[in-house]
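Asks: Structure: protein27.cif, mmCIF, C-alpha atoms and all ligand atoms.
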```cif
data_entry
#
loop_
_atom_site.label_atom_id
_atom_site.label_comp_id
_atom_site.auth_asym_id
_atom_site.auth_seq_id
_atom_site.Cartn_x
_atom_site.Cartn_y
_atom_site.Cartn_z
CA MET A 136 4.97 -10.07 -21.52
CA ASN A 137 5.51 -6.46 -20.47
CA GLN A 138 8.78 -6.46 -18.62
CA ALA A 139 11.07 -3.47 -18.54
CA SER A 140 14.60 -3.17 -17.28
CA LEU A 141 15.52 -0.11 -15.27
CA GLU A 142 18.86 1.54 -14.75
CA CYS A 143 19.86 4.50 -12.60
CA ARG A 144 23.27 5.90 -13.47
CA HIS A 145 24.84 8.40 -11.10
CA ILE A 146 21.47 9.85 -10.11
CA SER A 147 21.60 12.82 -7.73
CA LEU A 148 18.80 15.03 -6.49
CA SER A 149 18.69 17.89 -3.98
CA TYR A 150 15.81 19.84 -2.53
CA GLY A 151 17.34 23.30 -2.40
CA ALA A 152 20.72 22.85 -0.78
CA THR A 153 19.80 19.52 0.82
CA PRO A 154 21.04 16.45 -1.05
CA VAL A 155 18.42 13.69 -0.92
CA LEU A 156 19.81 11.19 -3.45
CA ARG A 157 23.55 10.95 -3.90
CA ASP A 158 25.08 9.22 -6.90
CA VAL A 159 22.61 6.34 -7.00
CA ASN A 160 23.58 3.48 -9.31
CA LEU A 161 21.15 0.63 -9.70
CA LYS A 162 20.20 -1.91 -12.33
CA ILE A 163 16.97 -3.88 -12.17
CA GLU A 164 16.37 -6.78 -14.52
CA PRO A 165 13.18 -7.50 -16.50
CA GLY A 166 10.62 -9.33 -14.36
CA GLU A 167 12.53 -8.84 -11.15
CA PHE A 168 10.78 -8.23 -7.82
CA PHE A 169 13.13 -5.71 -6.27
CA ALA A 170 12.80 -4.22 -2.80
CA LEU A 171 14.09 -0.79 -1.86
CA LEU A 172 14.68 -0.81 1.86
CA GLY A 173 15.65 2.03 4.15
CA PRO A 174 14.61 4.04 7.20
CA SER A 175 12.15 6.88 7.06
CA GLY A 176 13.63 9.93 5.33
CA SER A 177 16.31 7.96 3.45
CA GLY A 178 14.98 9.00 0.04
CA LYS A 179 12.95 5.93 -1.01
CA SER A 180 9.82 7.84 -2.10
CA THR A 181 11.94 10.47 -3.79
CA LEU A 182 13.64 7.80 -5.90
CA LEU A 183 10.32 6.16 -6.84
CA ARG A 184 8.78 9.50 -7.73
CA LEU A 185 11.79 10.24 -9.86
CA ILE A 186 11.40 6.97 -11.76
CA ALA A 187 7.68 7.70 -12.23
CA GLY A 188 8.50 11.19 -13.50
CA PHE A 189 7.05 13.28 -10.63
CA ASN A 190 10.53 14.38 -9.47
CA GLN A 191 13.42 15.49 -11.63
CA HIS A 192 17.02 14.56 -10.89
CA GLN A 193 19.72 17.20 -11.29
CA SER A 194 22.34 14.84 -12.63
CA GLY A 195 22.70 11.32 -13.94
CA GLU A 196 20.71 9.17 -16.31
CA LEU A 197 17.53 7.17 -15.90
CA LEU A 198 17.02 4.39 -18.42
CA ILE A 199 14.06 2.15 -19.11
CA ASP A 200 14.88 -0.67 -21.52
CA GLY A 201 18.13 1.10 -22.24
CA GLN A 202 16.51 4.42 -23.28
CA ASP A 203 17.06 7.61 -21.30
CA ILE A 204 13.58 8.69 -20.19
CA SER A 205 14.59 11.83 -18.27
CA GLY A 206 12.53 14.10 -20.52
CA VAL A 207 9.56 11.75 -20.95
CA PRO A 208 6.36 12.81 -19.11
CA PRO A 209 4.98 10.44 -16.46
CA HIS A 210 2.04 9.07 -18.46
CA LEU A 211 4.28 8.06 -21.37
CA ARG A 212 6.84 6.17 -19.30
CA GLY A 213 4.91 2.89 -19.00
CA VAL A 214 5.30 3.13 -15.24
CA GLY A 215 2.49 2.43 -12.76
CA MET A 216 2.73 3.59 -9.16
CA VAL A 217 0.77 2.61 -6.07
CA PHE A 218 0.96 5.20 -3.31
CA GLN A 219 1.15 4.62 0.42
CA ASN A 220 -2.25 6.22 1.05
CA TYR A 221 -3.79 4.53 -2.07
CA ALA A 222 -4.99 7.91 -3.43
CA LEU A 223 -8.40 6.55 -4.52
CA TRP A 224 -11.16 8.98 -5.42
CA PRO A 225 -13.70 8.75 -2.59
CA HIS A 226 -16.66 10.03 -4.64
CA MET A 227 -16.20 7.46 -7.40
CA THR A 228 -17.14 3.78 -7.38
CA VAL A 229 -14.47 1.10 -7.31
CA TRP A 230 -15.23 0.37 -10.97
CA ASP A 231 -14.80 4.03 -11.99
CA ASN A 232 -11.61 4.36 -9.95
CA VAL A 233 -10.11 1.41 -11.82
CA ALA A 234 -11.47 2.56 -15.20
CA PHE A 235 -10.19 6.11 -14.86
CA GLY A 236 -6.80 5.67 -16.56
CA LEU A 237 -8.41 3.84 -19.50
CA VAL A 238 -11.12 6.48 -19.91
CA GLU A 239 -8.41 9.13 -19.92
CA ARG A 240 -6.67 7.23 -22.71
CA ARG A 241 -9.98 7.14 -24.62
CA GLU A 242 -10.05 3.38 -24.88
CA SER A 243 -13.24 1.86 -26.29
CA ARG A 244 -16.13 1.03 -23.97
CA ASP A 245 -15.75 -2.66 -24.70
CA ALA A 246 -12.03 -2.65 -23.95
CA ILE A 247 -12.64 -0.75 -20.71
CA ARG A 248 -15.34 -3.18 -19.60
CA ARG A 249 -13.12 -6.16 -20.34
CA LYS A 250 -9.95 -4.76 -18.76
CA VAL A 251 -11.59 -3.39 -15.61
CA GLY A 252 -13.46 -6.67 -15.13
CA ALA A 253 -10.22 -8.63 -15.47
CA ALA A 254 -8.30 -6.31 -13.12
CA LEU A 255 -10.99 -6.52 -10.42
CA GLU A 256 -11.06 -10.29 -10.77
CA LEU A 257 -7.29 -10.44 -10.48
CA VAL A 258 -7.48 -8.85 -7.02
CA GLY A 259 -10.66 -10.74 -6.02
CA LEU A 260 -12.96 -7.71 -6.05
CA GLN A 261 -15.24 -8.60 -8.96
CA ASP A 262 -18.30 -8.19 -6.71
CA TYR A 263 -17.28 -4.80 -5.32
CA GLY A 264 -17.38 -2.64 -8.44
CA GLN A 265 -20.33 -0.55 -7.31
CA ARG A 266 -19.01 0.21 -3.83
CA ARG A 267 -17.18 3.36 -2.91
CA PRO A 268 -13.68 3.24 -1.37
CA GLY A 269 -15.04 4.38 2.00
CA GLN A 270 -17.18 1.22 2.15
CA LEU A 271 -14.15 -1.07 1.87
CA SER A 272 -11.60 -2.35 4.38
CA GLY A 273 -7.97 -1.17 4.21
CA GLY A 274 -6.91 -4.38 2.49
CA GLN A 275 -9.67 -4.07 -0.09
CA GLN A 276 -8.76 -0.44 -0.78
CA GLN A 277 -5.20 -1.59 -1.29
CA ARG A 278 -6.42 -4.13 -3.84
CA VAL A 279 -8.37 -1.43 -5.69
CA ALA A 280 -5.23 0.70 -5.85
CA LEU A 281 -3.34 -2.27 -7.30
CA ALA A 282 -6.10 -3.03 -9.82
CA ARG A 283 -6.17 0.61 -10.89
CA THR A 284 -2.44 0.51 -11.53
CA VAL A 285 -2.11 -2.85 -13.30
CA VAL A 286 -5.12 -2.15 -15.53
CA ILE A 287 -3.05 0.34 -17.55
CA GLU A 288 -0.59 -2.49 -18.30
CA PRO A 289 2.60 -0.83 -17.07
CA LYS A 290 6.03 -2.26 -17.90
CA LEU A 291 7.28 -1.28 -14.49
CA LEU A 292 5.33 -1.34 -11.23
CA LEU A 293 6.32 0.93 -8.34
CA LEU A 294 4.89 0.22 -4.90
CA ASP A 295 5.53 2.85 -2.22
CA GLU A 296 5.06 1.19 1.17
CA PRO A 297 1.78 -0.31 -0.05
CA LEU A 298 1.19 -2.34 3.11
CA SER A 299 2.21 0.10 5.81
CA ASN A 300 -1.34 1.22 6.60
CA LEU A 301 -2.52 -2.32 7.28
CA ASP A 302 -2.38 -4.19 10.56
CA LYS A 303 0.29 -6.82 10.99
CA GLN A 304 -1.80 -9.90 10.19
CA LEU A 305 -3.24 -8.43 7.02
CA ARG A 306 0.18 -7.18 6.04
CA VAL A 307 1.55 -10.70 6.02
CA GLN A 308 -1.42 -11.94 3.97
CA MET A 309 -1.19 -9.06 1.47
CA ARG A 310 2.53 -9.64 1.17
CA GLU A 311 1.78 -13.13 -0.17
CA GLU A 312 -0.94 -11.76 -2.47
CA LEU A 313 1.44 -9.17 -3.85
CA LYS A 314 4.08 -11.75 -4.52
CA ASN A 315 1.62 -14.02 -6.30
CA LEU A 316 0.26 -11.15 -8.35
CA GLN A 317 3.76 -10.09 -9.34
CA ARG A 318 4.63 -13.65 -10.39
CA GLN A 319 1.41 -14.00 -12.33
CA LEU A 320 1.92 -10.74 -14.22
CA GLY A 321 5.69 -11.10 -14.45
CA LEU A 322 6.00 -7.35 -14.01
CA THR A 323 9.27 -5.72 -13.11
CA THR A 324 8.45 -4.40 -9.66
CA ILE A 325 10.09 -2.08 -7.18
CA PHE A 326 8.67 -2.50 -3.72
CA VAL A 327 9.56 0.22 -1.23
CA THR A 328 9.45 -0.64 2.44
CA HIS A 329 11.09 0.28 5.73
CA ASP A 330 10.37 -3.24 7.01
CA GLN A 331 13.34 -5.52 6.44
CA GLU A 332 11.31 -8.67 7.06
CA GLU A 333 8.85 -7.63 4.36
CA ALA A 334 11.69 -7.04 1.91
CA MET A 335 13.51 -10.24 2.74
CA THR A 336 10.45 -12.46 2.40
CA THR A 337 9.20 -11.04 -0.91
CA ALA A 338 12.02 -9.78 -3.07
CA ASP A 339 14.42 -11.47 -5.48
CA ARG A 340 16.98 -8.80 -4.67
CA MET A 341 17.02 -5.64 -2.63
CA ALA A 342 18.90 -2.42 -2.07
CA VAL A 343 19.46 -0.68 1.24
CA LEU A 344 19.31 3.11 1.17
CA ASN A 345 20.50 5.42 3.93
CA GLN A 346 20.58 9.22 3.76
CA GLY A 347 20.32 9.10 -0.02
CA VAL A 348 23.24 6.73 -0.48
CA LEU A 349 22.78 3.14 -1.68
CA GLN A 350 24.61 1.04 0.85
CA GLN A 351 24.39 -2.38 -0.76
CA VAL A 352 22.49 -4.29 -3.43
CA GLY A 353 21.99 -8.04 -3.29
CA THR A 354 19.85 -10.99 -2.32
CA ALA A 355 18.39 -11.35 1.16
CA ALA A 356 20.96 -14.03 1.97
CA GLY A 357 23.79 -11.92 0.56
CA LEU A 358 22.89 -8.89 2.64
CA TYR A 359 22.30 -10.92 5.76
CA ASP A 360 25.43 -13.05 5.53
CA GLU A 361 27.83 -10.49 4.14
CA PRO A 362 26.74 -6.95 4.96
CA HIS A 363 29.13 -4.37 3.51
CA ASN A 364 28.95 -2.08 6.51
CA ARG A 365 27.54 -1.67 9.99
CA PHE A 366 24.46 0.16 8.81
CA VAL A 367 23.41 -2.73 6.58
CA ALA A 368 24.25 -5.26 9.29
CA GLY A 369 22.14 -3.40 11.82
CA PHE A 370 19.24 -2.70 9.50
CA VAL A 371 18.94 -6.12 7.90
CA GLY A 372 19.77 -8.06 11.03
CA THR A 373 17.43 -6.33 13.45
CA ALA A 374 14.43 -8.40 14.47
CA ASN A 375 11.04 -6.74 14.01
P1 LIG A 401 11.45 8.10 2.53
O1 LIG A 401 10.41 7.80 1.51
O2 LIG A 401 12.60 7.16 2.51
O3 LIG A 401 10.87 8.20 3.91
P2 LIG A 401 11.58 10.68 1.22
O4 LIG A 401 12.06 10.39 -0.15
O5 LIG A 401 10.15 10.95 1.40
O6 LIG A 401 12.08 9.53 2.22
O7 LIG A 401 12.38 11.94 1.79
C1 LIG A 401 13.79 12.02 1.76
C2 LIG A 401 14.23 13.37 2.32
O8 LIG A 401 13.80 14.41 1.44
C3 LIG A 401 13.63 13.70 3.67
O9 LIG A 401 14.61 14.35 4.43
C4 LIG A 401 12.48 14.63 3.34
O10 LIG A 401 12.25 15.51 4.39
C5 LIG A 401 13.00 15.36 2.11
N1 LIG A 401 11.92 15.76 1.20
C6 LIG A 401 11.01 14.94 0.62
N2 LIG A 401 10.20 15.62 -0.20
C7 LIG A 401 10.59 16.93 -0.14
C8 LIG A 401 10.14 18.13 -0.77
N3 LIG A 401 9.13 18.14 -1.66
N4 LIG A 401 10.80 19.28 -0.46
C9 LIG A 401 11.84 19.26 0.40
N5 LIG A 401 12.31 18.18 1.02
C10 LIG A 401 11.70 17.01 0.76
MG MG A 402 8.39 7.39 1.72
#
```
Could you take the file, read its structure, and then write that structure out as structure tokens?
Replies:
Amino acid sequence: MNQASLECRHISLSYGATPVLRDVNLKIEPGEFFALLGPSGSGKSTLLRLIAGFNQHQSGELLIDGQDISGVPPHLRGVGMVFQNYALWPHMTVWDNVAFGLVERRESRDAIRRKVGAALELVGLQDYGQRRPGQLSGGQQQRVALARTVVIEPKLLLLDEPLSNLDKQLRVQMREELKNLQRQLGLTTIFVTHDQEEAMTTADRMAVLNQGVLQQVGTAAGLYDEPHNRFVAGFVGTAN
């Protein structure tokens, strides 16, 4: 099974003079479903983009399976990322959206047909291949975005607030789907959310980020029962 470990060692990043990530230390185990929780503007997307290779840190080390990947370009990192707005191509069919990464890699037609079929089946969209994203509901578009990412067989899956565009009821349903999918694939997953309930009901462990500083890392029960500071207590304890 494709399961990477991830380690951030003393990672810092500034935009100009503004520090956005400050000395972030984090270790995520193979196969773990890890939530990164924090308010808007705390640096969650910046950290994910950094792991995916779209942002560069100014200091520290970023290791996948123990290897420093700081200089490795995004497409060679074995990292798949699902964006908040899904970023599907509106002019392409669902099938072509999902196939895109495989076509880019010049995989054989047979392999593409097999893998895209399997990925669409995994998210329950096997009958929607010929639709365009605009003809799908928000939840279905979210599933396409997931299929498009898992089809490239990443070792590490990054989800940037994947459910935040959905209404509450669907969010709860998709949360369960995500969890099942993650279990089924066994993929090391980092799930970014600003919703503490979402984090606490899905993740094995989680980290709370505030103003670029990791406040605490632990299980839901650990953070809830023994928060290290008032920020964590307030953030994790607040009802939705
Ligand atoms: P989150 O995902 O937790 O909401 P972000 O990582 O998007 O937070 O942003 C963290 C901080 O970095 C915010 O203050 C944001 O304004 C700033 N920021 C994000 N991207 C850029 C950028 N490209 N240039 C300058 N500042 C940025
Ligand atoms: Mg964000």
Asks: In terms of the shortest atom-to-atom distance over all atoms listed in the file, which of A:Arg278, A:Lys162, A:Lys179, A:Lys250 is closest to ligand LIG 401 (chain A)?
Replies: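 Looking only at the distances to ligand LIG 401 (chain A), the closest residue turns out to be A:Lys179.
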Asks: Could you build a table of the residues in chain A lying no more than 12 Å from ligand MG 402 (chain A), giving for each the nearest pair of atoms and their separation in Å rounded to one decimal place, using all atoms listed in the file, ordered by chain and ascending residue number, as CSV?
Replies:
```
residue,atom,partner,partner_atom,distance
A:Leu171,CA,A:MG402,MG,10.6
A:Leu172,CA,A:MG402,MG,10.3
A:Gly173,CA,A:MG402,MG,9.3
A:Pro174,CA,A:MG402,MG,8.9
A:Ser175,CA,A:MG402,MG,6.6
A:Gly176,CA,A:MG402,MG,6.9
A:Ser177,CA,A:MG402,MG,8.1
A:Gly178,CA,A:MG402,MG,7.0
A:Lys179,CA,A:MG402,MG,5.5
A:Ser180,CA,A:MG402,MG,4.1
A:Thr181,CA,A:MG402,MG,7.2
A:Leu182,CA,A:MG402,MG,9.3
A:Leu183,CA,A:MG402,MG,8.9
A:Arg184,CA,A:MG402,MG,9.7
A:Val217,CA,A:MG402,MG,11.9
A:Phe218,CA,A:MG402,MG,9.2
A:Gln219,CA,A:MG402,MG,7.9
A:Asn220,CA,A:MG402,MG,10.7
A:Leu294,CA,A:MG402,MG,10.4
A:Asp295,CA,A:MG402,MG,6.7
A:Glu296,CA,A:MG402,MG,7.1
A:Pro297,CA,A:MG402,MG,10.3
A:Ser299,CA,A:MG402,MG,10.4
A:Phe326,CA,A:MG402,MG,11.3
A:Val327,CA,A:MG402,MG,7.8
A:Thr328,CA,A:MG402,MG,8.1
A:His329,CA,A:MG402,MG,8.6
A:Leu344,CA,A:MG402,MG,11.7
```
Asks: Could you write out that same residue set with C-alpha atoms as a compact mmCIF listing (two decimals), in the frame of the given file?
Replies:
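What follows is the written file again26.txt:
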```
# COMPACT_ATOMS: atom_id res chain seq x y z
CA LEU A 171 14.09 -0.79 -1.86
CA LEU A 172 14.68 -0.81 1.86
CA GLY A 173 15.65 2.03 4.15
CA PRO A 174 14.61 4.04 7.20
CA SER A 175 12.15 6.88 7.06
CA GLY A 176 13.63 9.93 5.33
CA SER A 177 16.31 7.96 3.45
CA GLY A 178 14.98 9.00 0.04
CA LYS A 179 12.95 5.93 -1.01
CA SER A 180 9.82 7.84 -2.10
CA THR A 181 11.94 10.47 -3.79
CA LEU A 182 13.64 7.80 -5.90
CA LEU A 183 10.32 6.16 -6.84
CA ARG A 184 8.78 9.50 -7.73
CA VAL A 217 0.77 2.61 -6.07
CA PHE A 218 0.96 5.20 -3.31
CA GLN A 219 1.15 4.62 0.42
CA ASN A 220 -2.25 6.22 1.05
CA LEU A 294 4.89 0.22 -4.90
CA ASP A 295 5.53 2.85 -2.22
CA GLU A 296 5.06 1.19 1.17
CA PRO A 297 1.78 -0.31 -0.05
CA SER A 299 2.21 0.10 5.81
CA PHE A 326 8.67 -2.50 -3.72
CA VAL A 327 9.56 0.22 -1.23
CA THR A 328 9.45 -0.64 2.44
CA HIS A 329 11.09 0.28 5.73
CA LEU A 344 19.31 3.11 1.17
```
Asks: Using Å and a single decimal, report how far CA of Ala152 (chain A) sits from atom N5 of ligand LIG 401 (chain A).
Replies: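 Atom N5 of ligand LIG 401 (chain A) sits 9.8 Å away from CA of Ala152 (chain A).
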Asks: Can you pull out every residue within 12 Å of Arg267 (chain A), counting all atoms listed in the file, but drop anything in the same chain fewer than 4 positions away, and send it as a ChimeraX atom specification?
Replies: /A:223-233,263,271-272,275-276,279
Asks: Which residue gives the smallest distance to ligand LIG 401 (chain A) among A:Ile247, A:Leu320, A:Leu281, A:Leu349, with only C-alpha atoms and all ligand atoms counted?
Replies: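 Closest to ligand LIG 401 (chain A), using only C-alpha atoms and all ligand atoms: A:Leu349.
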Asks: Taking into account only C-alpha atoms, which residue in the set A:Ala246, A:Leu148, A:Ser194, A:Thr323 is nearest to Leu293 (chain A)?
Replies: A:Thr323
Asks: Would you list the contacts of Met309 (chain A) as a PDB file with C-alpha atoms, keeping the file's coordinate frame, taking every protein, DNA or RNA residue within 8 Å and counting all atoms listed in the file, but skipping same-chain residues closer than 4 positions in sequence?
Replies:
```pdb
ATOM      1  CA  GLY A 274      -6.910  -4.380   2.490  1.00  0.00           C
ATOM      2  CA  LEU A 298       1.190  -2.340   3.110  1.00  0.00           C
ATOM      3  CA  LEU A 305      -3.240  -8.430   7.020  1.00  0.00           C
ATOM      4  CA  LEU A 313       1.440  -9.170  -3.850  1.00  0.00           C
TER       5      LEU A 313
END
```
Asks: Just how far from CA of Lys314 (chain A) is CA of Gln138 (chain A), in Å to one decimal?
Replies: 15.8 Å
Asks: Which is closest to Pro268 (chain A) among A:Lys290, A:Gly252, A:Ala222, A:Glu242, if we use only C-alpha atoms?
Replies: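 Residue with the minimum atom-to-atom distance to Pro268 (chain A): A:Ala222.
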Asks: Residues within 8 Å of region 165-169 of chain A, please, as a PyMOL selection string. Count all atoms listed in the file; anything in the same chain fewer than 4 positions from it doesn't count.
Replies: chain A and resi 138-141+317+321-326+337-342
Asks: Counting all atoms listed in the file, which of A:Tyr221, A:Glu361, A:Gly151, A:Ile146 gets nearest to His192 (chain A)?
Replies: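 Nearest candidate to His192 (chain A) out of A:Tyr221, A:Glu361, A:Gly151, A:Ile146: A:Ile146.
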Asks: Which is closer to ligand LIG 401 (chain A) than all the others in A:Leu255, A:Val348, A:Leu161, A:Ala334, using only C-alpha atoms and all ligand atoms?
Replies: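 Closest to ligand LIG 401 (chain A), using only C-alpha atoms and all ligand atoms: A:Val348.
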Asks: Kindly provide, as a ChimeraX atom specification, the polymer residues lying within 9 Å of (10.7, 14.1, -12.9), counting only C-alpha atoms and using the coordinates exactly as they appear in the file.
Replies: /A:184-192,205-209
Asks: In Å, with one decimal, what is the gap from CA of Val251 (chain A) to CA of Arg266 (chain A)?
Replies: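 Separation of CA of Val251 (chain A) and CA of Arg266 (chain A): 14.4 Å.
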Asks: Near Arg157 (chain A), counting all atoms listed in the file, which residues have an atom at most 6 Å away, once you skip same-chain residues fewer than 2 positions from it, shown as a ChimeraX atom specification?
Replies: /A:147,159,347-348
Asks: So for region 141-155 of chain A, what box centre and size do we get, axis-aligned, 5 Å extra on each of the six sides, every listed atom, Å to one decimal, as AutoDock Vina command-line options?
Replies:
```
--center_x 20.2 --center_y 11.6 --center_z -7.2 --size_x 19.3 --size_y 33.4 --size_z 26.1
```
